[in-house]
Each structure stands twice: as C-alpha cells, then as structure tokens.
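Participant: Pasting a structure here, questions to come.
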Amino acid sequence: MVMSINAGHYYDKQGNPRHFVEKKAGGLRPTTVADARKLNLLPSVTTVLSVLNRPALTAWKVRNAIDAALTTPRLEGETEDAFADRILTQDVNSVSDAAKALGTAAHDAIEKALNGNIPDLTEQVTACVAPALVAVDELGKVVFTERTLIGEGYAGKTDCVVENDEFITVIDFKTTGAKKLPKESYDEHRYQLAAYAKALGNTGDKRIRTANIYISTIRPGEIALCKNDEWQEDWLTFKLILELWGRINNYKPVQ
C-alpha cells in the first residue's frame with residue numbers, strides 16, 4: 001500500500017530546512033510538493049519513506065484506541081458514533097501527545113548530553129536517557145550530532161555519528177511505547193539509516209555501519225541497541241522507494 005503525501009519536510013541544496021513557506025496572507029504553512037517543485041527542494045528521508053504503509057504504527061494506533069475505549073466512561077445519552085469519535089479525537093490523541101512529549105524530551109536531553117551539556121531532567125526522562133548514553137559511549141566517540149546530510153535527490157538530519165578504531169556508526173534514536181522492544185531494527189528505520197550512511201560519503205579506511213537505539217517510554221531504563229553492519233541492501237531498497245516517491249508525486253529535484 002502506498003499513498004501520496006502532500007505536505008512534508010524539505011531542504012534546500014545547502015541543507016537548510018525549508019519545512020515551511022510563507023503564506024500570501026502572511027504567516028507560515030507546511031511546505032508541499034508543489035512548493036518543492038517550484039523551489040527545487042530536496043525531500044527529507046522521512047518524507048520519502050512516508051509513501052510506505054507502516055503496519056507497526058497502525059497496530060499501535062489501534063491498540064491505543066482499544067485501550068481508550070475500554071477505560072473511558074460513556075457519557076449519558078451519548079450515541080455509539082459520538083463515543084467513537086470522542087475516543088479517536090480526544091482520548092487516543094492524549095495518549096499519543098503524552099508519548100510524543102516524553103519522546104521529544106528524551107531526544108533533546110540526549111542531544112544536549114552528547115554535546116557536553118548537562119540538562120535539567122525529570123526522573124522519568126533521566127531513566128530513559130542514561131542507558132542510551134551508555135550505549136552510544138560503547139559504540140565510539142561522538143563526531144557530530146543533529147547534522148543534515150545531503151544525498152542524491154534527498155536530505156535528512158541524523159541524530160548522531162560516532163567513531164572508534166574500526167567503525168563510523170550512524171545512530172538514530174527511537175522512543176517507543178511498544179510492549180516489547182525489537183531485537184532487530186524495523187525495516188523502515190534501516191532504510192532511513194542507510195540513506196544517511198550513503199549520504200555520509202567517503203570515510204577513508206573505516207567501515208560505516210548504522211544503529212538504532214530504541215528507548216522504552218513505558219519502562220524507563222529499558223533500551224535495545226540494534227546494529228546494522230550490512231546496510232548496502234537497505235540503501236538499494238531506499239533508492240527504489242525514492243524513485244517511487246518521485247513517480248507518485250511527479251517530482252524529481254534537479255541536481
């Protein structure tokens with residue numbers, strides 16, 4: 001299953017984010033494919049991957065909806081349709097918003113810590129962040145964080161790149177409320193990292209590998225480190241997805 005996504009994240013050829021454009025009446029609005037065509041912008045890696053169906057995300061949304069339906073009291077005189085709409089628009093979103101807030105706080109704290117700053121954290125965020133920082137340290141010394149990488153026809157911001165004597169590792173952090181953390185990176189996440197690894201370019205004699213660090217938001221302190229030494233096949237798959245995205249949206253940036 002594929003779908004065309006109108007709005008998305010885009011970058012110019014210098015790697016500057018162009019996620020929003022000015023409205024004629026003033027203010028900003030999300031950048032669309034039509035804007036990208038006009039401005040010759042590069043789609044972000046996540047925007048390219050948005051054409052894919054994501055069964056894990058769909059299953060998570062369904063599970064949240066079921067949980068909300070089981071725990072939310074019915075209002076007096078409320079019809080089934082009205083109850084269902086309230087569950088979907090209010091209760092499920094509140095669960096999602098809370099998870100996003102914790103995930104954002106954890107990401108921000110990790111970035112600050114990796115750059116030598118000591119963030120002021122709640123106990124819950126500290127518990128999420130501490131083991132992730134230990135995992136990064138085991139993979140190598142931080143080279144840079146939150147850097148935009150420009151590939152052939154796309155761009156994206158990687159969370160972190162580290163190196164040791166043997167490897168340069170491209171890392172992406174994923175917070176999740178899943179009941180079980182994965183033992184291997186999800187396909188979409190491998191494609192995302194492969195695109196970053198390819199855009200990283202020539203690294204001399206050191207091999208490039210990628211790694212996802214999954215951080216549980218429901219069991220603070222639990223993480224899963226999933227290393228991907230052989231990412232080239234994932235890159236070839238991303239390249240096909242990029243072509244598919246371009247065909248669906250009738251757009252290919254001019255190099």
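Labels used: A, B, ... for chains in the order of the structure tokens, numbers from 1 for residues in each chain, and numbers from 1 for ligands as shown.
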Which residues, written as a ChimeraX atom specification, have at least one atom at most 12 Å from Lys38 of chain A, with only C-alpha atoms counted and residues fewer than 4 positions away on the same chain left out?
Facilitator: /A:12,21,31-34,42,251-254
Participant: For Gly116 of chain A, list every protein, DNA or RNA residue within 12 Å, evaluated using only C-alpha atoms, and leave out those in the same chain fewer than 6 positions away; present the list as a short mmCIF file (atom, residue, chain, number, x, y, z; two decimals) with all heavy atoms, in the first residue's frame.
Facilitator:
```cif
data_model
loop_
_atom_site.label_atom_id
_atom_site.label_comp_id
_atom_site.auth_asym_id
_atom_site.auth_seq_id
_atom_site.Cartn_x
_atom_site.Cartn_y
_atom_site.Cartn_z
N ALA A 109 17.28 15.80 25.48
CA ALA A 109 18.24 15.56 26.55
C ALA A 109 19.46 14.80 26.05
O ALA A 109 20.60 15.11 26.43
CB ALA A 109 17.57 14.80 27.69
N ILE A 110 19.25 13.82 25.19
CA ILE A 110 20.37 13.05 24.64
C ILE A 110 21.27 13.95 23.82
O ILE A 110 22.51 13.90 23.93
CB ILE A 110 19.84 11.88 23.78
CG1 ILE A 110 19.21 10.81 24.68
CG2 ILE A 110 20.97 11.27 22.94
CD1 ILE A 110 18.47 9.74 23.92
N LEU A 133 22.80 6.77 26.58
CA LEU A 133 24.12 7.42 26.54
C LEU A 133 25.23 6.40 26.75
O LEU A 133 26.30 6.50 26.13
CB LEU A 133 24.19 8.51 27.61
CG LEU A 133 23.24 9.71 27.41
CD1 LEU A 133 23.34 10.66 28.59
CD2 LEU A 133 23.56 10.44 26.10
N VAL A 142 31.81 10.60 19.96
CA VAL A 142 30.89 11.40 19.15
C VAL A 142 31.66 12.29 18.18
O VAL A 142 32.59 13.01 18.56
CB VAL A 142 29.99 12.27 20.06
CG1 VAL A 142 29.12 13.20 19.22
CG2 VAL A 142 29.12 11.39 20.95
N PHE A 144 29.68 14.10 15.55
CA PHE A 144 28.74 15.22 15.50
C PHE A 144 27.33 14.71 15.79
O PHE A 144 27.07 13.51 15.75
CB PHE A 144 28.77 15.96 14.15
CG PHE A 144 28.55 15.08 12.94
CD1 PHE A 144 27.26 14.63 12.61
CD2 PHE A 144 29.60 14.73 12.11
CE1 PHE A 144 27.06 13.84 11.49
CE2 PHE A 144 29.39 13.94 10.99
CZ PHE A 144 28.11 13.50 10.68
N THR A 145 26.45 15.65 16.11
CA THR A 145 25.05 15.33 16.36
C THR A 145 24.16 16.26 15.53
O THR A 145 24.58 17.37 15.15
CB THR A 145 24.67 15.51 17.85
OG1 THR A 145 24.83 16.89 18.22
CG2 THR A 145 25.55 14.65 18.74
#
```
Participant: Could you give me, as a PyMOL selection string, each residue of segment 140-204 of chain A that DSSP assigns to alpha helix (DSSP H) when run on this structure's backbone?
Facilitator: chain A and resi 187-200
Participant: Convert the current residue selection to file output with N, CA and C atoms, as an mmCIF file, in the first residue's frame.
Facilitator:
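out.cif was written with the following content:
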```cif
data_model
loop_
_atom_site.group_PDB
_atom_site.id
_atom_site.type_symbol
_atom_site.label_atom_id
_atom_site.label_comp_id
_atom_site.auth_asym_id
_atom_site.auth_seq_id
_atom_site.Cartn_x
_atom_site.Cartn_y
_atom_site.Cartn_z
ATOM 1 N N ASP A 187 12.235 -2.415 9.418
ATOM 2 C CA ASP A 187 12.662 -2.190 8.034
ATOM 3 C C ASP A 187 12.764 -0.704 7.711
ATOM 4 N N GLU A 188 11.722 0.056 8.026
ATOM 5 C CA GLU A 188 11.710 1.481 7.688
ATOM 6 C C GLU A 188 12.869 2.223 8.339
ATOM 7 N N HIS A 189 13.203 1.844 9.562
ATOM 8 C CA HIS A 189 14.296 2.505 10.271
ATOM 9 C C HIS A 189 15.651 2.148 9.658
ATOM 10 N N ARG A 190 15.784 0.920 9.166
ATOM 11 C CA ARG A 190 17.026 0.546 8.473
ATOM 12 C C ARG A 190 17.170 1.341 7.174
ATOM 13 N N TYR A 191 16.068 1.506 6.436
ATOM 14 C CA TYR A 191 16.125 2.275 5.190
ATOM 15 C C TYR A 191 16.527 3.725 5.478
ATOM 16 N N GLN A 192 15.965 4.274 6.555
ATOM 17 C CA GLN A 192 16.286 5.644 6.940
ATOM 18 C C GLN A 192 17.780 5.800 7.229
ATOM 19 N N LEU A 193 18.317 4.896 8.022
ATOM 20 C CA LEU A 193 19.736 4.968 8.371
ATOM 21 C C LEU A 193 20.637 4.705 7.174
ATOM 22 N N ALA A 194 20.215 3.811 6.292
ATOM 23 C CA ALA A 194 21.006 3.528 5.095
ATOM 24 C C ALA A 194 21.122 4.768 4.220
ATOM 25 N N ALA A 195 20.034 5.530 4.122
ATOM 26 C CA ALA A 195 20.074 6.776 3.347
ATOM 27 C C ALA A 195 21.063 7.758 3.964
ATOM 28 N N TYR A 196 21.087 7.851 5.290
ATOM 29 C CA TYR A 196 22.055 8.723 5.952
ATOM 30 C C TYR A 196 23.479 8.223 5.734
ATOM 31 N N ALA A 197 23.670 6.911 5.847
ATOM 32 C CA ALA A 197 25.006 6.336 5.688
ATOM 33 C C ALA A 197 25.548 6.612 4.285
ATOM 34 N N LYS A 198 24.687 6.450 3.274
ATOM 35 C CA LYS A 198 25.107 6.705 1.897
ATOM 36 C C LYS A 198 25.454 8.169 1.709
ATOM 37 N N ALA A 199 24.662 9.062 2.303
ATOM 38 C CA ALA A 199 24.914 10.495 2.155
ATOM 39 C C ALA A 199 26.161 10.941 2.908
ATOM 40 N N LEU A 200 26.606 10.145 3.885
ATOM 41 C CA LEU A 200 27.790 10.494 4.663
ATOM 42 C C LEU A 200 29.032 10.558 3.786
#
```
Participant: Quick check, in Å to one decimal: how far apart do atom CA of Thr148 of chain A and atom CA of Thr46 of chain A lie?
Facilitator: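 Atom CA of Thr46 of chain A lies at a distance of 12.8 Å from atom CA of Thr148 of chain A.
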Participant: I want to know what sits within 12 Å of Thr104 of chain A, based on only C-alpha atoms, with residues of the same chain fewer than 6 positions away left out; could you give that as a list in words?
Facilitator: Asp97, Ala98, Ile110, Glu111, Val125, Cys128, Val129, Phe173, Lys174, Thr175, Thr176, Ile215 and Thr217 of chain A
Participant: Can you tell me which residues surround Thr169 of chain A at a distance of at most 9 Å, considering only C-alpha atoms, apart from same-chain residues fewer than 3 positions away, and format the answer as a short mmCIF file (atom, residue, chain, number, x, y, z; two decimals) with N, CA, C and O atoms, in the first residue's frame?
Facilitator:
```
data_model
loop_
_atom_site.label_atom_id
_atom_site.label_comp_id
_atom_site.auth_asym_id
_atom_site.auth_seq_id
_atom_site.Cartn_x
_atom_site.Cartn_y
_atom_site.Cartn_z
N LEU A 139 29.79 2.51 21.52
CA LEU A 139 29.96 2.47 20.06
C LEU A 139 31.11 3.35 19.59
O LEU A 139 31.64 3.14 18.49
N GLY A 140 31.49 4.33 20.38
CA GLY A 140 32.61 5.17 19.97
C GLY A 140 32.49 6.60 20.47
O GLY A 140 31.60 6.95 21.25
N CYS A 160 23.05 11.26 15.35
CA CYS A 160 24.40 11.20 15.91
C CYS A 160 25.30 10.33 15.05
O CYS A 160 24.84 9.34 14.46
N VAL A 161 26.56 10.70 14.95
CA VAL A 161 27.59 9.87 14.31
C VAL A 161 28.76 9.74 15.27
O VAL A 161 29.24 10.73 15.83
N VAL A 162 29.20 8.50 15.50
CA VAL A 162 30.33 8.24 16.39
C VAL A 162 31.37 7.41 15.64
O VAL A 162 31.08 6.83 14.59
N GLU A 163 32.57 7.35 16.19
CA GLU A 163 33.61 6.53 15.57
C GLU A 163 34.50 5.90 16.62
O GLU A 163 34.71 6.45 17.70
N ASN A 164 35.01 4.72 16.27
CA ASN A 164 36.05 4.09 17.06
C ASN A 164 37.17 3.69 16.10
O ASN A 164 37.23 4.18 14.97
N ALA A 197 23.67 6.91 5.85
CA ALA A 197 25.01 6.34 5.69
C ALA A 197 25.55 6.61 4.28
O ALA A 197 26.73 6.94 4.11
N ARG A 207 35.00 1.42 8.12
CA ARG A 207 33.71 0.95 7.62
C ARG A 207 32.59 1.75 8.26
O ARG A 207 32.68 2.15 9.42
N ILE A 208 31.54 1.97 7.49
CA ILE A 208 30.34 2.61 8.03
C ILE A 208 29.36 1.52 8.44
O ILE A 208 29.16 0.54 7.73
N ARG A 209 28.77 1.70 9.58
CA ARG A 209 27.65 0.85 9.99
C ARG A 209 26.56 1.76 10.57
O ARG A 209 26.80 2.95 10.83
N THR A 210 25.39 1.22 10.76
CA THR A 210 24.30 2.00 11.31
C THR A 210 23.75 1.31 12.56
O THR A 210 23.98 0.12 12.77
N ALA A 211 23.05 2.09 13.37
CA ALA A 211 22.49 1.52 14.61
C ALA A 211 21.27 2.31 15.05
O ALA A 211 21.28 3.55 15.05
N LYS A 227 22.32 -3.02 15.89
CA LYS A 227 23.38 -2.62 14.96
C LYS A 227 23.16 -3.27 13.59
O LYS A 227 22.72 -4.42 13.50
#
```
Participant: In Å, how far is it from atom CA of Asp81 of chain A to atom CA of Asp67 of chain A?
Facilitator: 17.2 Å
Participant: If you measure from atom CA of Val45 of chain A to atom CA of Thr237 of chain A, what distance in Å do you get, rounded to one decimal?
Facilitator: 12.7 Å
Participant: Quick one: residues within 10 Å of Arg219 of chain A, only C-alpha atoms, excluding same-chain residues fewer than 2 positions away - as a list of chain:residue names?
Facilitator: A:Gln124, A:Ala127, A:Cys128, A:Thr176, A:Gly177, A:Ala178, A:Lys179, A:Lys180, A:Ile215, A:Ser216, A:Thr217, A:Gly221, A:Glu222, A:Ile223
Participant: Using backbone DSSP assignments, extract all strand (DSSP E or B) residues from segment 75-202 of chain A; output them as a PyMOL selection string.
Facilitator: chain A and resi 141-150+155-163+167-176
Participant: Would you output that residue set with C-alpha atoms, as a PDB file, in the first residue's frame?
Facilitator:
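File produced: result07.pdb:
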```
ATOM      1  CA  LYS A 141      33.428   8.849  20.351  1.00  0.00           C
ATOM      2  CA  VAL A 142      30.890  11.405  19.153  1.00  0.00           C
ATOM      3  CA  VAL A 143      31.843  13.061  15.865  1.00  0.00           C
ATOM      4  CA  PHE A 144      28.738  15.222  15.497  1.00  0.00           C
ATOM      5  CA  THR A 145      25.045  15.332  16.356  1.00  0.00           C
ATOM      6  CA  GLU A 146      21.924  16.611  14.590  1.00  0.00           C
ATOM      7  CA  ARG A 147      23.656  17.239  11.260  1.00  0.00           C
ATOM      8  CA  THR A 148      21.856  17.483   7.924  1.00  0.00           C
ATOM      9  CA  LEU A 149      23.297  15.126   5.311  1.00  0.00           C
ATOM     10  CA  ILE A 150      22.642  15.715   1.618  1.00  0.00           C
ATOM     11  CA  ALA A 155      18.399  15.087   2.505  1.00  0.00           C
ATOM     12  CA  GLY A 156      17.923  14.319   6.178  1.00  0.00           C
ATOM     13  CA  LYS A 157      19.148  15.015   9.684  1.00  0.00           C
ATOM     14  CA  THR A 158      20.884  12.206  11.518  1.00  0.00           C
ATOM     15  CA  ASP A 159      20.777  12.116  15.308  1.00  0.00           C
ATOM     16  CA  CYS A 160      24.396  11.197  15.914  1.00  0.00           C
ATOM     17  CA  VAL A 161      27.588   9.872  14.309  1.00  0.00           C
ATOM     18  CA  VAL A 162      30.330   8.244  16.394  1.00  0.00           C
ATOM     19  CA  GLU A 163      33.608   6.530  15.572  1.00  0.00           C
ATOM     20  CA  PHE A 167      33.800   1.779  12.536  1.00  0.00           C
ATOM     21  CA  ILE A 168      31.972   5.000  11.897  1.00  0.00           C
ATOM     22  CA  THR A 169      28.445   4.449  13.203  1.00  0.00           C
ATOM     23  CA  VAL A 170      25.392   6.434  12.138  1.00  0.00           C
ATOM     24  CA  ILE A 171      22.890   6.380  15.018  1.00  0.00           C
ATOM     25  CA  ASP A 172      19.203   7.137  15.205  1.00  0.00           C
ATOM     26  CA  PHE A 173      17.266   7.182  18.477  1.00  0.00           C
ATOM     27  CA  LYS A 174      13.684   5.900  18.553  1.00  0.00           C
ATOM     28  CA  THR A 175      11.431   6.266  21.577  1.00  0.00           C
ATOM     29  CA  THR A 176       8.619   3.739  21.720  1.00  0.00           C
TER      30      THR A 176
END
```
Participant: So, counting only C-alpha atoms, which residue among A:Asp234, A:Tyr154, A:Leu102, A:Ala135 is closest to Thr122 of chain A?
Facilitator: A:Leu102
Participant: So, with only C-alpha atoms as the atoms that count, which of A:Lys112, A:His9, A:Val51, A:Glu123 lies closest to Arg29 of chain A?
Facilitator: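 Under the stated criterion, the closest residue is A:His9.
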